[in-house]
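Dropping data_7.txt in here (compact mmCIF, C-alpha atoms):
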# COMPACT_ATOMS: atom_id res chain seq x y z
CA MET X 1 98.86 92.79 114.21
CA THR X 2 96.03 91.52 116.39
CA SER X 3 95.96 91.93 120.12
CA SER X 4 98.90 89.88 121.24
CA SER X 5 98.14 89.89 124.93
CA ALA X 6 94.93 88.06 124.15
CA THR X 7 96.59 85.50 121.88
CA ALA X 8 99.38 84.98 124.38
CA ARG X 9 96.83 83.55 126.80
CA LYS X 10 95.49 81.08 124.26
CA ALA X 11 96.79 77.54 124.55
CA LEU X 12 99.72 76.61 122.34
CA SER X 13 98.90 75.03 119.00
CA LYS X 14 100.17 71.51 118.37
CA ILE X 15 102.95 72.84 116.13
CA ALA X 16 103.98 75.37 118.79
CA CYS X 17 103.99 72.68 121.47
CA ASN X 18 106.19 70.35 119.41
CA ARG X 19 108.57 73.12 118.50
CA LEU X 20 108.92 74.28 122.13
CA GLN X 21 109.59 70.77 123.35
CA LYS X 22 112.42 70.53 120.82
CA GLU X 23 113.76 73.92 121.87
CA LEU X 24 113.67 72.87 125.49
CA VAL X 25 115.67 69.72 124.78
CA GLU X 26 118.18 71.72 122.75
CA TRP X 27 118.44 74.27 125.58
CA GLN X 28 119.13 71.55 128.13
CA VAL X 29 121.84 69.99 125.96
CA ASN X 30 123.35 73.26 124.86
CA PRO X 31 122.29 76.26 127.01
CA PRO X 32 123.52 79.70 125.86
CA ALA X 33 126.38 81.00 128.04
CA GLY X 34 125.18 83.36 130.75
CA PHE X 35 121.62 82.02 130.97
CA LYS X 36 119.78 79.65 133.26
CA HIS X 37 116.29 78.40 132.55
CA LYS X 38 114.38 77.22 135.60
CA VAL X 39 112.50 74.36 134.03
CA THR X 40 108.89 74.13 135.15
CA ASP X 41 105.99 72.19 133.73
CA ASN X 42 104.74 75.37 132.06
CA LEU X 43 105.92 75.17 128.46
CA GLN X 44 104.16 78.41 127.55
CA ARG X 45 106.04 80.66 129.99
CA TRP X 46 109.77 80.40 130.51
CA VAL X 47 111.55 82.37 133.21
CA ILE X 48 115.21 82.71 132.37
CA GLU X 49 118.00 84.04 134.57
CA VAL X 50 120.48 86.34 132.82
CA ILE X 51 123.94 87.00 134.20
CA GLY X 52 125.69 90.15 132.95
CA ALA X 53 128.76 89.34 130.88
CA PRO X 54 132.20 89.82 132.49
CA GLY X 55 133.94 93.04 131.52
CA THR X 56 130.68 94.92 130.83
CA LEU X 57 128.65 97.41 132.87
CA TYR X 58 126.38 94.56 133.92
CA ALA X 59 129.09 92.11 135.04
CA ASN X 60 127.79 89.86 137.81
CA ASP X 61 124.34 91.50 137.81
CA THR X 62 121.51 89.01 137.66
CA TYR X 63 118.18 89.69 135.96
CA GLN X 64 115.17 87.63 135.02
CA LEU X 65 113.58 87.40 131.59
CA GLN X 66 110.01 86.25 131.18
CA VAL X 67 109.23 84.66 127.83
CA ASP X 68 105.56 84.03 126.93
CA PHE X 69 104.77 82.03 123.81
CA PRO X 70 101.72 82.79 121.67
CA GLU X 71 99.39 80.15 120.24
CA HIS X 72 101.10 80.33 116.85
CA TYR X 73 104.72 80.33 117.92
CA PRO X 74 107.09 80.35 116.03
CA MET X 75 105.10 82.14 113.28
CA GLU X 76 104.43 84.80 115.91
CA ALA X 77 107.15 86.24 118.10
CA PRO X 78 107.32 85.36 121.78
CA GLN X 79 106.67 88.18 124.22
CA VAL X 80 109.91 88.85 126.08
CA ILE X 81 110.15 91.21 129.06
CA PHE X 82 112.45 91.69 132.04
CA LEU X 83 110.87 90.97 135.41
CA HIS X 84 111.27 93.64 138.08
CA PRO X 85 113.86 95.06 138.57
CA ALA X 86 114.77 95.49 134.90
CA PRO X 87 118.36 96.43 134.05
CA LEU X 88 119.12 100.14 133.63
CA HIS X 89 119.69 100.40 129.88
CA PRO X 90 118.86 102.98 127.19
CA HIS X 91 116.57 100.46 125.43
CA ILE X 92 114.94 98.84 128.44
CA TYR X 93 111.97 100.51 130.12
CA SER X 94 111.38 100.35 133.85
CA ASN X 95 108.32 98.13 133.27
CA GLY X 96 110.63 95.54 131.68
CA HIS X 97 109.72 96.21 128.03
CA ILE X 98 112.64 95.87 125.63
CA CYS X 99 113.09 97.94 122.48
CA LEU X 100 114.72 95.36 120.21
CA ASP X 101 113.59 94.84 116.60
CA ILE X 102 113.85 91.03 116.54
CA LEU X 103 111.16 90.83 119.25
CA TYR X 104 108.66 92.58 117.01
CA ASP X 105 108.84 93.43 113.27
CA SER X 106 112.07 91.58 112.57
CA TRP X 107 111.09 88.38 114.35
CA SER X 108 111.51 85.28 112.20
CA PRO X 109 110.59 81.65 112.86
CA ALA X 110 114.25 80.95 112.08
CA MET X 111 115.06 82.42 115.51
CA THR X 112 114.91 80.54 118.79
CA VAL X 113 114.62 81.39 122.48
CA SER X 114 118.33 80.80 122.66
CA SER X 115 119.18 83.20 119.80
CA VAL X 116 116.87 85.84 121.30
CA CYS X 117 118.64 85.51 124.67
CA ILE X 118 122.02 85.94 122.98
CA SER X 119 120.79 89.10 121.21
CA ILE X 120 119.52 90.55 124.49
CA LEU X 121 122.79 89.83 126.25
CA SER X 122 124.69 91.41 123.38
CA MET X 123 122.47 94.49 123.66
CA LEU X 124 123.27 94.70 127.39
CA SER X 125 126.97 94.17 126.82
CA SER X 126 127.36 96.94 124.26
CA SER X 127 125.79 99.59 126.48
CA THR X 128 128.14 102.36 127.64
CA VAL X 129 125.78 103.89 130.17
CA LYS X 130 123.38 102.55 132.77
CA GLN X 131 120.30 104.67 132.24
CA ARG X 132 116.65 104.47 131.24
CA PRO X 133 115.36 105.47 127.78
CA GLU X 134 114.61 109.19 127.52
CA ASP X 135 110.88 108.63 127.13
CA ASN X 136 110.67 106.08 129.96
CA ASP X 137 108.06 107.82 132.13
CA ARG X 138 105.73 108.65 129.26
CA TYR X 139 106.00 105.15 127.80
CA VAL X 140 105.48 103.33 131.09
CA LYS X 141 102.46 105.51 131.90
CA ASN X 142 100.95 104.60 128.52
CA CYS X 143 101.46 100.93 129.24
CA ARG X 144 99.31 100.70 132.36
CA ASN X 145 96.61 98.04 132.40
CA GLY X 146 99.22 95.45 131.54
CA ARG X 147 99.60 96.28 127.88
CA SER X 148 101.90 93.94 125.98
CA PRO X 149 105.05 95.39 124.41
CA LYS X 150 103.97 93.65 121.20
CA GLU X 151 101.19 96.24 120.91
CA THR X 152 103.67 99.08 120.90
CA ARG X 153 104.67 100.60 117.61
CA TRP X 154 108.44 100.64 118.07
CA TRP X 155 110.95 102.83 116.36
CA PHE X 156 114.33 101.17 116.04
CA HIS X 157 116.49 104.17 115.58
CA ASP X 158 119.72 103.10 117.14
CA ASP X 159 121.72 100.07 116.16
CA LYS X 160 124.82 100.88 118.16
CA VAL X 161 123.68 99.84 121.62
CA MET N 1 88.64 99.38 121.48
CA GLN N 2 86.19 97.64 119.16
CA GLN N 3 85.24 101.02 117.80
CA HIS N 4 88.85 101.83 117.09
CA SER N 5 89.48 98.68 115.14
CA ASP N 6 86.28 99.27 113.16
CA ILE N 7 87.54 102.68 112.19
CA ARG N 8 90.89 101.20 111.29
CA ASP N 9 89.20 98.56 109.13
CA ALA N 10 87.17 101.21 107.36
CA GLU N 11 90.33 103.21 106.78
CA ALA N 12 92.15 100.17 105.47
CA HIS N 13 89.51 99.71 102.78
CA LYS N 14 89.92 103.28 101.65
CA LEU N 15 93.66 102.99 101.26
CA PRO N 16 95.29 101.16 98.37
CA PHE N 17 97.59 99.45 100.87
CA LEU N 18 96.35 96.44 102.75
CA GLY N 19 99.05 94.87 104.77
CA ASP N 20 99.66 93.52 108.22
CA LYS N 21 102.68 95.68 108.67
CA ALA N 22 103.10 99.42 108.60
CA PRO N 23 105.70 100.45 106.05
CA ALA N 24 108.98 100.88 107.89
CA LEU N 25 110.18 103.54 105.48
CA PRO N 26 108.85 107.07 105.22
CA PHE N 27 108.15 106.74 101.50
CA PRO N 28 105.58 104.40 100.03
CA LEU N 29 107.67 101.51 98.81
CA SER N 30 104.70 99.27 98.66
CA ILE N 31 101.66 99.89 96.53
CA CYS N 32 99.53 96.87 97.00
CA PHE N 33 96.21 96.59 95.28
CA VAL N 34 93.00 95.41 96.79
CA SER N 35 90.64 93.60 94.53
CA SER N 36 86.91 93.52 94.95
CA LEU N 37 87.21 89.77 94.60
CA LEU N 38 89.93 89.50 97.19
CA LEU N 39 88.05 89.10 100.45
CA PRO N 40 89.47 91.07 103.36
CA ASN N 41 90.65 87.95 105.16
CA SER N 42 91.71 86.04 102.11
CA SER N 43 95.26 85.76 100.89
CA LEU N 44 94.33 84.56 97.40
CA SER N 45 91.58 85.66 95.00
CA LEU N 46 89.55 83.76 92.46
CA GLN N 47 90.88 83.59 88.94
CA GLU N 48 89.71 86.72 87.12
CA PRO N 49 89.77 87.59 83.42
CA LEU N 50 92.37 90.15 82.44
CA SER N 51 89.58 92.63 81.77
CA ALA N 52 89.24 92.94 85.55
CA LEU N 53 92.74 94.37 85.58
CA ALA N 54 91.87 96.89 82.87
CA ALA N 55 88.79 97.94 84.84
CA GLU N 56 91.05 98.84 87.73
CA TYR N 57 92.87 101.43 85.61
CA GLN N 58 89.84 102.70 83.70
CA SER N 59 90.42 106.30 84.68
CA GLY N 60 94.15 105.88 85.09
CA SER N 61 97.30 105.96 83.02
CA PRO N 62 96.79 105.37 79.27
CA ILE N 63 100.18 103.64 79.12
CA LEU N 64 99.01 101.05 81.65
CA LEU N 65 95.77 100.48 79.74
CA GLN N 66 97.73 100.02 76.53
CA LYS N 67 100.02 97.54 78.24
CA ILE N 68 97.12 95.58 79.69
CA LYS N 69 95.69 95.36 76.18
CA LEU N 70 99.02 93.94 74.97
CA LEU N 71 99.06 91.52 77.89
CA SER N 72 95.64 90.22 76.97
CA ASP N 73 97.05 88.92 73.67
CA GLN N 74 99.14 86.43 75.61
CA TYR N 75 97.47 86.06 78.97
CA ALA N 76 93.93 85.04 79.81
CA ALA N 77 93.60 85.60 83.51
CA ILE N 78 95.04 86.86 86.74
CA ARG N 79 94.83 85.61 90.31
CA ARG N 80 95.59 88.13 93.00
CA THR N 81 97.38 87.62 96.26
CA ARG N 82 97.16 89.67 99.41
CA GLY N 83 99.56 92.58 99.61
CA ASP N 84 101.10 91.62 102.92
CA GLY N 85 104.74 91.53 101.87
CA ASN N 86 104.57 87.78 101.23
CA CYS N 87 102.90 88.12 97.83
CA PHE N 88 105.85 86.86 95.76
CA PHE N 89 106.25 83.70 97.84
CA ARG N 90 102.51 83.10 98.11
CA SER N 91 102.01 83.60 94.37
CA PHE N 92 104.87 81.22 93.64
CA MET N 93 103.48 78.66 96.07
CA PHE N 94 100.07 78.60 94.46
CA ALA N 95 101.29 78.77 90.86
CA TYR N 96 103.77 75.94 91.43
CA LEU N 97 101.42 73.60 93.29
CA GLU N 98 98.64 74.32 90.82
CA HIS N 99 101.00 73.37 87.99
CA ILE N 100 101.79 70.06 89.70
CA LEU N 101 98.11 69.42 90.35
CA GLN N 102 97.18 70.10 86.73
CA THR N 103 100.07 68.33 85.00
CA GLN N 104 100.51 65.46 87.50
CA ASP N 105 104.17 65.66 86.58
CA ARG N 106 105.77 63.11 88.90
CA THR N 107 109.19 63.63 87.34
CA GLU N 108 109.02 67.28 88.35
CA VAL N 109 107.95 66.38 91.89
CA ASP N 110 110.84 63.92 92.23
CA ARG N 111 113.24 66.49 90.82
CA VAL N 112 112.16 69.28 93.13
CA LYS N 113 112.29 66.95 96.14
CA LEU N 114 115.98 66.28 95.45
CA ASN N 115 116.59 70.02 95.45
CA VAL N 116 114.60 70.41 98.69
CA GLU N 117 116.94 67.84 100.26
CA GLU N 118 119.90 69.89 99.03
CA CYS N 119 118.35 72.96 100.67
CA ARG N 120 118.03 71.04 103.92
CA LYS N 121 121.73 70.17 103.81
CA THR N 122 122.58 73.77 103.00
CA LEU N 123 120.75 75.03 106.09
CA GLN N 124 122.38 72.35 108.25
CA SER N 125 125.83 73.27 107.00
CA LEU N 126 125.10 76.95 107.67
CA GLY N 127 124.43 76.04 111.30
CA TYR N 128 120.62 76.19 111.46
CA ALA N 129 119.21 73.81 114.06
CA ASP N 130 116.97 71.21 112.40
CA PHE N 131 114.02 72.03 114.63
CA THR N 132 113.90 75.59 113.32
CA PHE N 133 113.08 74.53 109.75
CA GLU N 134 111.95 70.89 109.68
CA ASP N 135 108.23 71.54 110.25
CA PHE N 136 108.20 73.98 107.34
CA PHE N 137 109.97 71.52 105.05
CA ALA N 138 107.64 68.69 106.05
CA LEU N 139 104.57 70.77 105.26
CA PHE N 140 105.80 71.68 101.78
CA LEU N 141 106.70 68.08 100.95
CA GLU N 142 103.25 67.06 102.15
CA GLN N 143 101.59 69.56 99.78
CA LEU N 144 103.65 68.21 96.88
CA ASP N 145 102.54 64.64 97.59
CA ASN N 146 98.94 65.70 98.08
CA ALA N 147 98.93 67.46 94.71
CA LEU N 148 99.59 64.12 93.03
CA GLN N 149 96.41 62.15 92.53
CA GLY N 150 95.80 58.54 93.34
CA ASN N 151 96.65 58.65 97.04
CA ASP N 152 94.26 58.64 99.99
CA ASP N 153 95.24 62.20 100.82
CA SER N 154 95.21 63.63 97.29
CA ILE N 155 93.62 67.04 97.04
CA SER N 156 91.33 68.76 94.54
CA HIS N 157 91.96 72.17 93.00
CA GLU N 158 89.33 73.58 95.33
CA GLU N 159 91.18 72.18 98.34
CA LEU N 160 94.43 73.70 97.07
CA VAL N 161 92.73 77.11 97.00
CA THR N 162 91.34 76.53 100.50
CA ARG N 163 94.75 75.56 101.87
CA SER N 164 96.42 78.49 100.18
CA ARG N 165 94.01 80.75 102.03
CA ASP N 166 94.47 78.92 105.33
CA GLN N 167 97.15 80.74 107.27
CA SER N 168 98.23 77.64 109.14
CA VAL N 169 99.25 76.07 105.82
CA SER N 170 99.92 79.05 103.57
CA ASP N 171 102.14 80.99 105.96
CA TYR N 172 104.16 77.88 106.74
CA ILE N 173 104.84 77.28 103.06
CA VAL N 174 105.78 80.94 102.62
CA MET N 175 108.22 80.49 105.50
CA PHE N 176 109.58 77.32 103.89
CA PHE N 177 110.43 79.39 100.79
CA ARG N 178 112.01 82.06 102.99
CA PHE N 179 114.29 79.41 104.56
CA VAL N 180 115.21 78.06 101.13
CA THR N 181 115.89 81.56 99.78
CA SER N 182 117.99 82.58 102.76
CA GLY N 183 120.00 79.36 102.64
CA GLU N 184 120.74 79.82 98.92
CA ILE N 185 121.82 83.45 99.37
CA ARG N 186 124.11 82.60 102.29
CA LYS N 187 125.57 79.57 100.53
CA ARG N 188 126.45 81.67 97.48
CA SER N 189 127.12 84.90 99.34
CA ALA N 190 129.96 85.95 97.03
CA PHE N 191 127.57 85.77 94.08
CA PHE N 192 124.71 87.62 95.78
CA GLU N 193 126.75 90.24 97.65
CA PRO N 194 127.00 92.81 94.82
CA PHE N 195 123.23 92.60 94.18
CA ILE N 196 122.50 93.05 97.86
CA LEU N 197 124.86 96.01 98.07
CA GLY N 198 122.92 97.50 95.17
CA LEU N 199 119.72 97.34 97.22
CA THR N 200 120.84 98.25 100.73
CA ASN N 201 124.07 98.83 102.54
CA ALA N 202 123.61 95.60 104.48
CA THR N 203 125.90 92.61 104.59
CA VAL N 204 124.61 89.29 103.21
CA GLU N 205 124.04 88.08 106.76
CA GLN N 206 122.11 91.22 107.75
CA PHE N 207 120.10 91.13 104.55
CA CYS N 208 118.99 87.55 105.14
CA LYS N 209 118.13 88.27 108.76
CA SER N 210 116.20 91.47 108.10
CA SER N 211 114.82 91.13 104.56
CA VAL N 212 114.43 87.42 103.85
CA GLU N 213 113.71 85.46 107.01
CA PRO N 214 111.05 87.63 108.70
CA MET N 215 107.50 87.16 107.38
CA GLY N 216 106.07 90.17 105.57
CA GLU N 217 109.36 91.38 104.13
CA GLU N 218 108.95 92.12 100.44
CA SER N 219 110.83 90.28 97.74
CA ASP N 220 113.18 91.67 95.16
CA HIS N 221 115.09 90.16 92.25
CA VAL N 222 117.62 88.78 94.78
CA HIS N 223 114.93 86.68 96.46
CA ILE N 224 113.51 85.51 93.13
CA THR N 225 116.90 84.53 91.74
CA ALA N 226 117.80 82.62 94.91
CA LEU N 227 114.51 80.73 95.13
CA SER N 228 114.52 79.89 91.44
CA ASP N 229 118.11 78.64 91.62
CA ALA N 230 117.62 76.65 94.84
CA LEU N 231 114.54 74.79 93.62
CA GLY N 232 115.59 74.75 89.96
CA VAL N 233 112.27 76.28 88.89
CA PRO N 234 112.26 78.96 86.18
CA ILE N 235 110.03 81.96 86.91
CA ARG N 236 108.75 84.53 84.45
CA VAL N 237 108.01 87.99 85.82
CA VAL N 238 105.97 90.31 83.62
CA TYR N 239 106.37 93.97 84.47
CA LEU N 240 103.41 96.31 84.42
CA ASP N 241 104.53 99.86 85.11
CA ARG N 242 104.31 103.27 83.49
CA SER N 243 107.63 103.07 81.68
CA SER N 244 107.74 103.38 77.91
CA CYS N 245 110.51 103.36 75.29
CA ASP N 246 112.21 106.59 74.19
CA THR N 247 110.39 106.28 70.90
CA GLY N 248 107.11 106.39 72.77
CA GLU N 249 106.36 102.86 71.74
CA VAL N 250 104.68 100.80 74.41
CA ALA N 251 105.83 97.24 75.10
CA VAL N 252 105.37 94.94 78.05
CA ASN N 253 108.69 93.73 79.39
CA HIS N 254 109.28 90.48 81.12
CA HIS N 255 112.25 88.78 82.69
CA ASP N 256 112.80 85.05 82.92
CA PHE N 257 114.63 83.90 86.00
CA VAL N 258 116.33 80.78 84.68
CA PRO N 259 118.07 78.73 87.33
CA ALA N 260 121.72 77.86 87.00
CA SER N 261 122.10 74.14 86.42
CA ASP N 262 125.63 74.00 87.90
CA GLY N 263 126.52 71.59 85.11
CA ASN N 264 123.75 69.25 86.21
CA PRO N 265 120.77 69.56 83.86
CA ALA N 266 118.67 67.30 86.10
CA LYS N 267 118.69 70.04 88.75
CA VAL N 268 116.52 72.33 86.63
CA ALA N 269 112.89 71.86 85.67
CA GLU N 270 111.94 71.56 82.03
CA GLY N 271 110.35 74.53 80.36
CA THR N 272 113.31 76.88 80.62
CA THR N 273 112.25 78.43 77.34
CA LYS N 274 108.80 79.11 78.73
CA PRO N 275 108.61 78.99 82.52
CA PHE N 276 105.42 77.47 83.91
CA VAL N 277 105.30 79.94 86.78
CA THR N 278 104.36 83.40 85.50
CA LEU N 279 103.89 86.33 87.82
CA LEU N 280 102.69 89.84 87.16
CA TYR N 281 104.72 92.53 88.87
CA ARG N 282 103.34 95.95 89.57
CA PRO N 283 105.63 98.18 91.64
CA GLY N 284 105.56 96.66 95.11
CA HIS N 285 103.32 93.70 94.33
CA TYR N 286 103.14 90.28 92.65
CA ASP N 287 100.09 88.38 91.35
CA ILE N 288 99.74 85.22 89.26
CA LEU N 289 99.24 85.38 85.48
CA TYR N 290 97.67 82.65 83.36
CA PRO N 291 98.87 82.31 79.74
CA LYS N 292 96.31 81.68 77.03
Target encoding structure tokens, full file:
Amino acid sequence: MTSSSATARKALSKIACNRLQKELVEWQVNPPAGFKHKVTDNLQRWVIEVIGAPGTLYANDTYQLQVDFPEHYPMEAPQVIFLHPAPLHPHIYSNGHICLDILYDSWSPAMTVSSVCISILSMLSSSTVKQRPEDNDRYVKNCRNGRSPKETRWWFHDDKV
Amino acid sequence: MQQHSDIRDAEAHKLPFLGDKAPALPFPLSICFVSSLLLPNSSLSLQEPLSALAAEYQSGSPILLQKIKLLSDQYAAIRRTRGDGNCFFRSFMFAYLEHILQTQDRTEVDRVKLNVEECRKTLQSLGYADFTFEDFFALFLEQLDNALQGNDDSISHEELVTRSRDQSVSDYIVMFFRFVTSGEIRKRSAFFEPFILGLTNATVEQFCKSSVEPMGEESDHVHITALSDALGVPIRVVYLDRSSCDTGEVAVNHHDFVPASDGNPAKVAEGTTKPFVTLLYRPGHYDILYPK
């Protein structure tokens, strides 16, 4: 995979632009439950408010997801991170990076911003403990200089949480 | 950083595996071959005589060399595709469009278009939003029309090769096939379930999400069956591996994926006795074969 942080800054291709406009319309008609997208004129970066699902450890907590779209979206995955402060979760690092396979190797153009949001909320909801990943400090230290999570080689070892 | 990637490039040339993705499993499931004629950034090689294949195994297994000799009785040439996990779909794409370009078979184009429309309905009924797949469908239909001559936007064979190497076309067509394959598997999940259980312990839904829809996921007989059925296009796969009969006799096996017509013969392309798409399978990789 090429350097994603560099491609993320490139302007959206025509196909990406069309696709995102359609996704935006679909979102406005049919937003996923528990999410609010503050619509701006920036199609390439969406900031989405997440509200923890009732009956879970994160009930009533509010977090913010930042979704950056690469030039070749949807062939390439969007970069999705939590803005500070990121939820305490065994798969979410304090710098906001999320260890979730569909954001990296298992991304498919068949997915949408909306389906990604639903997966993230489901990951939050199934957590039984509010804590950071074991290797949080080491990982976050390695990510200085604003490295994109898409450059990380992730190991998806746990499908329970 | 530049230095690092140079080293990585140099390493990549040394290894027999050239892919965009690291293998997710600890054992080498994928043995993809790099041809001298397959440029590092190209997803499709020139057509090469079968002797080029033999040259690759010169100091290798005698069984393979014997099999290549047998192959050369029936096949004239090979065209390689990049070993990036999309090789089955990319090989199929090129072989199919090349067939249309060379035969100018409008009946076949009309027939396959009807099946593409069925695939669209399948995805809609499975709950896929139109915007997720429509661009991919449109691009494939455009390639079909362009392969037919006599229009302003008709393409030459050379242009077909160029487009098949152009990621912004080639990858989209690969993804179109992935949508079609996934839709067919989900639509007939009861049929495909036992085959999928034989490969992984995943459900049909999980299999489609993790092994069909993401780019770079390798294809198995499940994918080939589903794509062949959905489009109604028979596919011959010729197997080149080290296996031999108990008697020690060497033969090259092949399998024809013949689509089910569902009682409607018009759904399936002609040539079921001899499929016009022929692929060469070596463990972990598909290339295109050209009959004599």
Using only C-alpha atoms, can you tell me which of X:Met111, X:Val80, X:Leu103, X:Ile98 comes closest to chain N?
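Distance minimum relative to chain N lands on X:Met111.
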Chain X contacts to chain N at 6 Å (all atoms listed in the file) as a list in words
Ser106, Trp107, Ser108 and Ala110 of chain X
Rounded to one decimal in Å, what is the spacing between CA of Pro275 (chain N) and CA of Pro234 (chain N)?
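Computing the Euclidean distance for CA of Pro275 (chain N) and CA of Pro234 (chain N) yields 5.2 Å.
Atom to atom, CA of Gly198 (chain N) and CA of Thr278 (chain N) stand 25.2 Å apart.
In this structure, CA of Leu65 (chain X) sits 10.9 Å away from CA of Val116 (chain X).
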I need the residue nearest Lys36 (chain X) from this list: X:Asp101, X:Lys14, X:Phe82, X:Cys117. Use all atoms listed in the file for the distance.
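Using all atoms listed in the file, the shortest distance to Lys36 (chain X) belongs to X:Cys117.
Once region 24-32 of chain X and its same-chain neighbours fewer than 6 positions away are set aside, Asn18, Val39, Leu43, Trp46, Thr112, Val113, Ser114, Ser115, Cys117 and Ile118 of chain X; Ala129 and Phe131 of chain N remain within 10 Å of it when counting all atoms listed in the file.
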Neighbouring residues of Ser126 (chain X) were defined as those with any atom within 12 Å, considering only C-alpha atoms; residues of the same chain fewer than 2 positions away were excluded. Please report them as number ranges by chain.
X: 52-59, 89-91, 119-124, 128-130, 159-161
Keeping only C-alpha atoms, take the residues you just selected and write them out as a PDB file, in the frame of the given file.
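What follows is the written file result_30.pdb:
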ATOM      1  CA  GLY X  52     125.690  90.150 132.950  1.00  0.00           C
ATOM      2  CA  ALA X  53     128.760  89.340 130.880  1.00  0.00           C
ATOM      3  CA  PRO X  54     132.200  89.820 132.490  1.00  0.00           C
ATOM      4  CA  GLY X  55     133.940  93.040 131.520  1.00  0.00           C
ATOM      5  CA  THR X  56     130.680  94.920 130.830  1.00  0.00           C
ATOM      6  CA  LEU X  57     128.650  97.410 132.870  1.00  0.00           C
ATOM      7  CA  TYR X  58     126.380  94.560 133.920  1.00  0.00           C
ATOM      8  CA  ALA X  59     129.090  92.110 135.040  1.00  0.00           C
ATOM      9  CA  HIS X  89     119.690 100.400 129.880  1.00  0.00           C
ATOM     10  CA  PRO X  90     118.860 102.980 127.190  1.00  0.00           C
ATOM     11  CA  HIS X  91     116.570 100.460 125.430  1.00  0.00           C
ATOM     12  CA  SER X 119     120.790  89.100 121.210  1.00  0.00           C
ATOM     13  CA  ILE X 120     119.520  90.550 124.490  1.00  0.00           C
ATOM     14  CA  LEU X 121     122.790  89.830 126.250  1.00  0.00           C
ATOM     15  CA  SER X 122     124.690  91.410 123.380  1.00  0.00           C
ATOM     16  CA  MET X 123     122.470  94.490 123.660  1.00  0.00           C
ATOM     17  CA  LEU X 124     123.270  94.700 127.390  1.00  0.00           C
ATOM     18  CA  THR X 128     128.140 102.360 127.640  1.00  0.00           C
ATOM     19  CA  VAL X 129     125.780 103.890 130.170  1.00  0.00           C
ATOM     20  CA  LYS X 130     123.380 102.550 132.770  1.00  0.00           C
ATOM     21  CA  ASP X 159     121.720 100.070 116.160  1.00  0.00           C
ATOM     22  CA  LYS X 160     124.820 100.880 118.160  1.00  0.00           C
ATOM     23  CA  VAL X 161     123.680  99.840 121.620  1.00  0.00           C
TER      24      VAL X 161
END
May I have the residues within 7 Å of Ala86 (chain X) as a VMD selection string, using all atoms listed in the file and disregarding those fewer than 5 positions away in the same chain?
chain X and resid 63 94 96
Those residues you just picked out, can you put them in a file as a PDB file, in the frame of the given file with C-alpha atoms?
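again_38.pdb, written as the output of this step:
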ATOM      1  CA  TYR X  63     118.180  89.690 135.960  1.00  0.00           C
ATOM      2  CA  SER X  94     111.380 100.350 133.850  1.00  0.00           C
ATOM      3  CA  GLY X  96     110.630  95.540 131.680  1.00  0.00           C
TER       4      GLY X  96
END
Which residues are near Arg138 (chain X)? Cut-off 12 Å, all atoms listed in the file, ignore same chain within fewer than 6 positions. Put them as a list in words.
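Near Arg138 (chain X), the qualifying residues are Tyr93, Ser94, Asn95, Arg132 and Arg144 of chain X.
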Next, dump the selected residues to file, keeping only C-alpha atoms, as a PDB file, in the frame of the given file.
ATOM      1  CA  TYR X  93     111.970 100.510 130.120  1.00  0.00           C
ATOM      2  CA  SER X  94     111.380 100.350 133.850  1.00  0.00           C
ATOM      3  CA  ASN X  95     108.320  98.130 133.270  1.00  0.00           C
ATOM      4  CA  ARG X 132     116.650 104.470 131.240  1.00  0.00           C
ATOM      5  CA  ARG X 144      99.310 100.700 132.360  1.00  0.00           C
TER       6      ARG X 144
END
Excluding Ile100 (chain N) and its own-chain neighbours fewer than 4 positions away, which residues fall within 8 Å of it when counting all atoms listed in the file? Please give them as a ChimeraX atom specification.
/N:96,104-105,108-109,144,147-148
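Taking only C-alpha atoms into account, Tyr139 (chain X) lies nearest to X:Trp154 out of the set X:Trp154, X:Phe69, X:Tyr104, X:Phe35.
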Counting all atoms listed in the file, the residue of X:Thr152, X:Thr62, X:Gln44, X:Gln21 that sits nearest Cys99 (chain X):
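With all atoms listed in the file as the atom set, the closest residue is X:Thr152.
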